[in-house]
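Engineer: Following this line is protein-v5.cif, made up of mmCIF, C-alpha atoms:
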data_coords
loop_
_atom_site.label_atom_id
_atom_site.label_comp_id
_atom_site.auth_asym_id
_atom_site.auth_seq_id
_atom_site.Cartn_x
_atom_site.Cartn_y
_atom_site.Cartn_z
CA MET A 236 35.95 28.36 9.68
CA LEU A 237 36.62 24.72 8.79
CA ILE A 238 33.81 23.61 11.09
CA ARG A 239 31.36 25.80 9.14
CA ILE A 240 32.34 24.10 5.90
CA ILE A 241 31.89 20.65 7.47
CA ILE A 242 28.46 21.62 8.84
CA ASP A 243 27.34 22.98 5.48
CA LEU A 244 28.55 19.86 3.70
CA LEU A 245 26.65 17.60 6.12
CA ILE A 246 23.42 19.56 5.70
CA ALA A 247 23.89 19.64 1.92
CA VAL A 248 24.29 15.84 1.83
CA GLY A 249 21.08 15.58 3.86
CA LEU A 250 19.34 17.90 1.41
CA VAL A 251 20.49 15.78 -1.56
CA PHE A 252 19.07 12.63 0.02
CA ALA A 253 15.84 14.43 0.91
CA CYS A 254 15.59 15.58 -2.72
CA ALA A 255 16.08 12.00 -3.94
CA GLY A 256 13.38 10.77 -1.58
CA THR A 257 10.96 13.45 -2.74
CA ILE A 258 11.53 12.56 -6.40
CA GLY A 259 10.97 8.90 -5.49
CA ILE A 260 7.69 9.74 -3.74
CA LEU A 261 6.49 11.66 -6.78
CA LYS A 262 7.54 9.17 -9.46
CA MET A 263 7.19 5.65 -7.98
CA PRO A 264 4.16 3.63 -9.11
CA ASP A 265 2.72 1.99 -5.96
CA PRO A 266 2.67 2.49 -2.16
CA PHE A 267 5.39 -0.06 -1.42
CA SER A 268 7.86 1.45 -3.87
CA ARG A 269 7.06 4.87 -2.50
CA MET A 270 7.78 3.62 0.99
CA GLN A 271 11.11 2.26 -0.16
CA ALA A 272 12.05 5.57 -1.76
CA ALA A 273 10.85 7.61 1.20
CA THR A 274 13.20 5.79 3.56
CA CYS A 275 15.95 8.01 2.11
CA ILE A 276 14.38 11.06 3.75
CA SER A 277 13.95 9.67 7.22
CA THR A 278 17.35 8.02 7.58
CA LEU A 279 20.12 9.74 5.65
CA GLY A 280 18.45 13.11 5.10
CA MET A 281 17.51 13.37 8.76
CA LEU A 282 20.96 12.10 9.84
CA GLY A 283 22.79 14.78 7.84
CA VAL A 284 20.66 17.58 9.24
CA ALA A 285 20.87 16.24 12.78
CA VAL A 286 24.65 15.78 12.84
CA GLY A 287 25.16 19.20 11.24
CA GLY A 288 22.74 20.79 13.68
CA VAL A 289 24.34 19.16 16.72
CA LEU A 290 27.77 20.34 15.57
CA TYR A 291 26.46 23.86 14.94
CA ALA A 292 24.68 24.08 18.29
CA ALA A 293 27.60 22.65 20.26
CA VAL A 294 30.58 24.28 18.57
CA ILE A 295 29.32 27.63 17.27
CA MET A 296 26.35 28.48 19.50
CA HIS A 297 27.87 26.87 22.66
CA SER A 298 24.40 25.70 23.67
CA ALA A 299 24.29 22.20 25.16
CA GLY A 300 20.49 22.22 25.51
CA ALA A 301 19.87 22.76 21.82
CA ALA A 302 22.41 20.08 20.89
CA ILE A 303 20.81 17.51 23.20
CA LYS A 304 17.32 18.40 21.94
CA ILE A 305 18.35 17.95 18.31
CA ALA A 306 19.99 14.62 19.17
CA VAL A 307 16.81 13.47 20.92
CA ILE A 308 14.66 14.47 17.91
CA ALA A 309 16.96 12.59 15.50
CA LEU A 310 17.11 9.52 17.72
CA MET A 311 13.33 9.45 18.11
CA ILE A 312 12.68 9.74 14.37
CA MET A 313 15.27 7.09 13.56
CA VAL A 314 13.91 4.64 16.14
CA THR A 315 10.20 5.12 15.49
CA ASN A 316 10.10 5.53 11.71
CA PRO A 317 10.78 1.84 10.86
CA VAL A 318 7.94 0.87 13.20
CA GLY A 319 5.56 3.19 11.36
CA SER A 320 6.74 1.94 7.99
CA HIS A 321 6.13 -1.66 9.02
CA ALA A 322 2.65 -0.78 10.28
CA ILE A 323 1.76 1.02 7.05
CA ALA A 324 3.17 -1.76 4.84
CA LYS A 325 1.38 -4.57 6.69
CA GLY A 326 -1.83 -2.56 6.83
CA ALA A 327 -1.70 -1.75 3.12
CA TYR A 328 -1.02 -5.38 2.20
CA SER A 329 -3.77 -6.69 4.41
CA HIS A 330 -6.16 -4.06 3.07
CA GLY A 331 -5.71 -5.44 -0.44
CA TYR A 332 -3.21 -3.08 -2.08
CA ARG A 333 -0.69 -4.97 -4.20
CA PRO A 334 2.46 -3.88 -6.05
CA GLU A 335 2.13 -2.97 -9.73
CA LYS A 336 4.24 -5.82 -11.03
CA LYS A 337 3.66 -9.48 -10.18
CA MET A 338 5.77 -10.46 -7.20
CA GLU A 339 8.25 -13.34 -7.49
CA THR A 340 7.95 -14.44 -3.86
CA ASP A 341 5.03 -13.56 -1.60
CA ASP A 342 5.73 -14.80 1.92
CA LEU A 343 3.13 -12.59 3.58
CA GLY A 344 0.41 -13.56 1.13
CA ARG A 345 -0.07 -17.09 2.51
CA ASP A 346 -1.20 -15.59 5.83
CA PHE A 347 -4.20 -14.03 4.11
CA ASP A 348 -6.88 -15.77 2.12
CA GLU A 349 -6.39 -15.12 -1.56
CA MET B 1268 24.55 32.44 9.11
CA THR B 1269 22.26 32.84 6.11
CA ASP B 1270 23.11 29.40 4.73
CA LEU B 1271 21.01 27.72 7.42
CA LEU B 1272 18.01 29.82 6.37
CA ILE B 1273 18.54 28.85 2.73
CA PHE B 1274 18.72 25.14 3.65
CA ALA B 1275 15.57 25.50 5.76
CA ILE B 1276 13.74 27.12 2.83
CA PHE B 1277 14.81 24.25 0.56
CA PHE B 1278 13.54 21.65 3.03
CA ALA B 1279 10.21 23.47 3.34
CA LEU B 1280 10.03 23.62 -0.46
CA LEU B 1281 10.55 19.84 -0.67
CA ALA B 1282 7.75 19.36 1.86
CA PHE B 1283 5.54 21.61 -0.27
CA ILE B 1284 6.30 19.53 -3.36
CA CYS B 1285 5.34 16.39 -1.44
CA VAL B 1286 1.89 17.90 -0.80
CA TYR B 1287 1.12 17.20 -4.48
CA ARG B 1288 1.28 13.45 -3.83
CA LEU B 1289 -0.59 13.96 -0.55
CA VAL B 1290 -3.53 15.48 -2.43
CA LYS B 1291 -3.42 13.30 -5.55
CA GLY B 1292 -2.20 9.95 -4.14
CA PRO B 1293 -4.57 7.23 -5.28
CA THR B 1294 -4.62 5.11 -2.13
CA ALA B 1295 -4.72 5.81 1.59
CA ALA B 1296 -1.30 4.18 2.09
CA ASP B 1297 0.24 6.61 -0.41
CA ARG B 1298 -1.23 9.54 1.47
CA MET B 1299 0.00 8.25 4.81
CA VAL B 1300 3.56 7.58 3.61
CA THR B 1301 3.71 11.04 2.08
CA GLY B 1302 2.24 12.63 5.19
CA ASP B 1303 4.89 10.99 7.33
CA ASN B 1304 7.63 12.36 5.10
CA VAL B 1305 6.13 15.86 4.98
CA ASP B 1306 6.27 15.69 8.76
CA ILE B 1307 9.96 14.73 8.80
CA LEU B 1308 10.89 17.34 6.18
CA LEU B 1309 9.15 20.08 8.16
CA CYS B 1310 10.92 18.81 11.29
CA CYS B 1311 14.28 19.26 9.52
CA ALA B 1312 13.27 22.73 8.33
CA MET B 1313 12.27 23.72 11.86
CA ILE B 1314 15.57 22.47 13.32
CA LEU B 1315 17.51 24.56 10.79
CA PHE B 1316 15.34 27.63 11.33
CA SER B 1317 15.74 27.30 15.08
CA LEU B 1318 19.53 27.31 14.65
CA PHE B 1319 19.26 30.31 12.32
CA SER B 1320 17.05 32.43 14.56
CA GLY B 1321 18.55 31.27 17.86
CA ARG B 1322 15.18 30.53 19.47
CA GLY B 1323 14.61 27.22 21.24
CA VAL B 1324 10.84 27.20 20.74
CA TYR B 1325 11.15 25.78 17.23
CA LEU B 1326 13.04 22.77 18.59
CA ASP B 1327 10.13 22.01 20.93
CA ILE B 1328 7.72 22.31 18.03
CA ALA B 1329 9.87 19.96 15.94
CA LEU B 1330 9.95 17.43 18.80
CA ILE B 1331 6.16 17.43 19.16
CA CYS B 1332 5.78 17.28 15.38
CA ALA B 1333 7.94 14.14 15.15
CA LEU B 1334 6.10 12.56 18.10
CA PHE B 1335 2.62 13.04 16.69
CA GLY B 1336 3.79 12.04 13.22
CA ILE B 1337 4.71 8.56 14.38
CA ILE B 1338 1.52 8.20 16.45
CA ASP B 1339 -0.80 8.93 13.54
CA THR B 1340 1.25 6.77 11.18
CA ILE B 1341 0.83 3.75 13.46
CA ALA B 1342 -2.86 4.59 13.99
CA VAL B 1343 -3.60 4.68 10.27
CA GLY B 1344 -1.57 1.49 9.73
CA ARG B 1345 -3.59 -0.34 12.35
CA TYR B 1346 -6.81 1.06 10.89
CA LEU B 1347 -6.01 -0.26 7.40
CA ASP B 1348 -4.98 -3.64 8.87
CA ARG B 1349 -8.16 -4.02 10.92
CA LYS B 1350 -10.38 -3.06 8.00
CA GLY B 1351 -8.83 -5.59 5.63
CA ARG B 1352 -9.09 -8.37 8.20
CA PHE B 1353 -12.76 -7.74 8.91
CA HIS B 1354 -13.48 -7.64 5.21
CA ASN B 1355 -11.74 -10.98 4.66
CA ALA B 1356 -13.59 -12.61 7.57
CA ASP B 1357 -16.91 -11.37 6.20
CA SER B 1358 -16.29 -12.68 2.71
CA ASP B 1359 -15.25 -16.06 4.14
CA HIS B 1360 -18.42 -16.61 6.12
CA HIS B 1361 -20.82 -15.66 3.37
#
Would you write the structure of this file as structure tokens?
Structural biologist:
Amino acid sequence: MLIRIIIDLLIAVGLVFACAGTIGILKMPDPFSRMQAATCISTLGMLGVAVGGVLYAAVIMHSAGAAIKIAVIALMIMVTNPVGSHAIAKGAYSHGYRPEKKMETDDLGRDFDE
Amino acid sequence: MTDLLIFAIFFALLAFICVYRLVKGPTAADRMVTGDNVDILLCCAMILFSLFSGRGVYLDIALICALFGIIDTIAVGRYLDRKGRFHNADSDHH
């Protein structure tokens, strides 16, 4: 019974972080801030669900295939999501989107003609 | 047993709330960031529902969902990048 409580706590922590990321996506002013808030969902929210799911599949369901599949899904999202975030951020900057407030340092800006 | 279903419903609800920003978001980068996160939230919901119902098909769907999510994120990122660069080169030469 203790393992059920641990699994529920892990998934609940993931849900809290996913909730924080969703609020950040809704309330932040520009694409870069939204990206920064949305990182919550894909790292900690996903990690809570994946660890809870692997524990549930391995300990309660006794199914090694499901546990390995969930681990592969979590690993793939955690490895590939920073790459996608970098691509979106560089593309948005080079397309001409800028943050709402004036930036203090702008190291990427000297690569483009302003 | 039912707690997994409740968590899955909450994750799907969060994804549904994100659709508001997906429709309203002012720029293409906003829409793409939100789309990526809707993808991940639905992936989480499908993992939990697969554990609840005991069927492995939903895990396969979640795997494919995560895979195509990252592919279209990188594709749209490259598209925005390319477009900005061509625009800058044009405005330089004229």
Engineer: Please measure the separation of atom CA of Met263 of chain A and atom CA of Leu244 of chain A, giving the value in Å to one decimal.
Structural biologist: 28.2 Å
Engineer: Counting all atoms listed in the file, which of A:Leu310, A:Leu245, A:Lys325, A:Thr274 gets nearest to Ile260 of chain A?
Structural biologist: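 Looking only at the distances to Ile260 of chain A, the closest residue turns out to be A:Thr274.
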Engineer: For this structure, which residues satisfy the selection - the PyMOL selection byres ((chain B) within 7 of (chain A)) - when it is evaluated on the file as given? I want them as a list in words.
Structural biologist: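 Applied to this file, the PyMOL selection byres ((chain B) within 7 of (chain A)) returns Leu1281, Cys1285, Arg1288, Ala1296, Asp1297, Val1300, Asn1304, Ile1307, Cys1311, Gly1323, Leu1326, Leu1330, Ala1333, Ile1337, Thr1340, Ile1341, Gly1344, Arg1345, Leu1347, Asp1348, Lys1350, Gly1351 and Arg1352 of chain B.
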Engineer: Could you put an axis-aligned box around every listed atom of segment 1323-1328 of chain B, padded by 4 Å on each side, and send me its centre and edge lengths in Å to one decimal, as lines of an AutoDock Vina configuration file?
Structural biologist:
center_x = 11.2
center_y = 24.6
center_z = 19.2
size_x = 14.9
size_y = 13.2
size_z = 12.0
Engineer: What gap, in Å, lies between atom CA of Phe1316 of chain B and atom CA of Gly1336 of chain B?
Structural biologist: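 Interatomic distance, atom CA of Phe1316 of chain B to atom CA of Gly1336 of chain B: 19.5 Å.
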Engineer: Quick check, in Å to one decimal: how far apart do atom CA of Asp1339 of chain B and atom CA of Gly259 of chain A lie?
Structural biologist: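 So the two atoms, atom CA of Asp1339 of chain B and atom CA of Gly259 of chain A, lie 22.4 Å apart.
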Engineer: Please list as a PyMOL selection string every residue within 8 Å of segment 1270-1273 of chain B, counting all atoms listed in the file and excluding residues in the same chain fewer than 3 positions away.
Structural biologist: (chain A and resi 243) or (chain B and resi 1276-1277+1315-1316+1318-1319)
Engineer: Between B:Ile1328, B:Arg1349, B:Gly1302, B:Gly1321, which is the closest to Ala1282 of chain B once you count only C-alpha atoms?
Structural biologist: B:Gly1302
Engineer: Just checking: using all atoms listed in the file, which residue out of A:Leu279, A:Ala306, A:Met313, A:Val251 ends up closest to Phe1274 of chain B?
Structural biologist: A:Val251
Engineer: Using the incomplete input, complete segment 1304-1323 of chain B to the level of N, CA and C atoms; output as a PDB file, keeping the file's coordinate frame.
Structural biologist:
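result_13.pdb written:
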ATOM      1  N   ASN B1304       6.398  11.724   5.575  1.00  0.00           N
ATOM      2  CA  ASN B1304       7.630  12.360   5.100  1.00  0.00           C
ATOM      3  C   ASN B1304       7.523  13.874   5.071  1.00  0.00           C
ATOM      4  N   VAL B1305       6.320  14.411   4.843  1.00  0.00           N
ATOM      5  CA  VAL B1305       6.130  15.860   4.980  1.00  0.00           C
ATOM      6  C   VAL B1305       6.442  16.277   6.417  1.00  0.00           C
ATOM      7  N   ASP B1306       6.006  15.446   7.352  1.00  0.00           N
ATOM      8  CA  ASP B1306       6.270  15.690   8.760  1.00  0.00           C
ATOM      9  C   ASP B1306       7.772  15.758   9.049  1.00  0.00           C
ATOM     10  N   ILE B1307       8.517  14.778   8.521  1.00  0.00           N
ATOM     11  CA  ILE B1307       9.960  14.730   8.800  1.00  0.00           C
ATOM     12  C   ILE B1307      10.678  15.892   8.116  1.00  0.00           C
ATOM     13  N   LEU B1308      10.246  16.230   6.880  1.00  0.00           N
ATOM     14  CA  LEU B1308      10.890  17.340   6.180  1.00  0.00           C
ATOM     15  C   LEU B1308      10.647  18.658   6.913  1.00  0.00           C
ATOM     16  N   LEU B1309       9.423  18.848   7.412  1.00  0.00           N
ATOM     17  CA  LEU B1309       9.150  20.080   8.160  1.00  0.00           C
ATOM     18  C   LEU B1309       9.920  20.092   9.473  1.00  0.00           C
ATOM     19  N   CYS B1310      10.119  18.920  10.060  1.00  0.00           N
ATOM     20  CA  CYS B1310      10.920  18.810  11.290  1.00  0.00           C
ATOM     21  C   CYS B1310      12.346  19.280  11.019  1.00  0.00           C
ATOM     22  N   CYS B1311      12.927  18.821   9.903  1.00  0.00           N
ATOM     23  CA  CYS B1311      14.280  19.260   9.520  1.00  0.00           C
ATOM     24  C   CYS B1311      14.309  20.770   9.305  1.00  0.00           C
ATOM     25  N   ALA B1312      13.306  21.289   8.595  1.00  0.00           N
ATOM     26  CA  ALA B1312      13.270  22.730   8.330  1.00  0.00           C
ATOM     27  C   ALA B1312      13.178  23.517   9.623  1.00  0.00           C
ATOM     28  N   MET B1313      12.410  22.995  10.585  1.00  0.00           N
ATOM     29  CA  MET B1313      12.270  23.720  11.860  1.00  0.00           C
ATOM     30  C   MET B1313      13.547  23.669  12.681  1.00  0.00           C
ATOM     31  N   ILE B1314      14.280  22.538  12.626  1.00  0.00           N
ATOM     32  CA  ILE B1314      15.570  22.470  13.320  1.00  0.00           C
ATOM     33  C   ILE B1314      16.516  23.533  12.750  1.00  0.00           C
ATOM     34  N   LEU B1315      16.585  23.607  11.409  1.00  0.00           N
ATOM     35  CA  LEU B1315      17.510  24.560  10.790  1.00  0.00           C
ATOM     36  C   LEU B1315      17.088  25.988  11.073  1.00  0.00           C
ATOM     37  N   PHE B1316      15.771  26.260  11.054  1.00  0.00           N
ATOM     38  CA  PHE B1316      15.340  27.630  11.330  1.00  0.00           C
ATOM     39  C   PHE B1316      15.562  28.004  12.779  1.00  0.00           C
ATOM     40  N   SER B1317      15.450  27.019  13.669  1.00  0.00           N
ATOM     41  CA  SER B1317      15.740  27.300  15.080  1.00  0.00           C
ATOM     42  C   SER B1317      17.207  27.667  15.267  1.00  0.00           C
ATOM     43  N   LEU B1318      18.106  26.962  14.539  1.00  0.00           N
ATOM     44  CA  LEU B1318      19.530  27.310  14.650  1.00  0.00           C
ATOM     45  C   LEU B1318      19.803  28.670  14.038  1.00  0.00           C
ATOM     46  N   PHE B1319      19.047  29.015  12.967  1.00  0.00           N
ATOM     47  CA  PHE B1319      19.260  30.310  12.320  1.00  0.00           C
ATOM     48  C   PHE B1319      18.802  31.449  13.216  1.00  0.00           C
ATOM     49  N   SER B1320      17.606  31.306  13.807  1.00  0.00           N
ATOM     50  CA  SER B1320      17.050  32.430  14.560  1.00  0.00           C
ATOM     51  C   SER B1320      17.501  32.421  16.014  1.00  0.00           C
ATOM     52  N   GLY B1321      18.077  31.293  16.501  1.00  0.00           N
ATOM     53  CA  GLY B1321      18.550  31.270  17.860  1.00  0.00           C
ATOM     54  C   GLY B1321      17.464  31.133  18.912  1.00  0.00           C
ATOM     55  N   ARG B1322      16.263  30.710  18.512  1.00  0.00           N
ATOM     56  CA  ARG B1322      15.180  30.530  19.470  1.00  0.00           C
ATOM     57  C   ARG B1322      14.938  29.037  19.685  1.00  0.00           C
ATOM     58  N   GLY B1323      14.776  28.638  20.948  1.00  0.00           N
ATOM     59  CA  GLY B1323      14.610  27.220  21.240  1.00  0.00           C
ATOM     60  C   GLY B1323      13.198  26.708  21.056  1.00  0.00           C
TER      61      GLY B1323
END
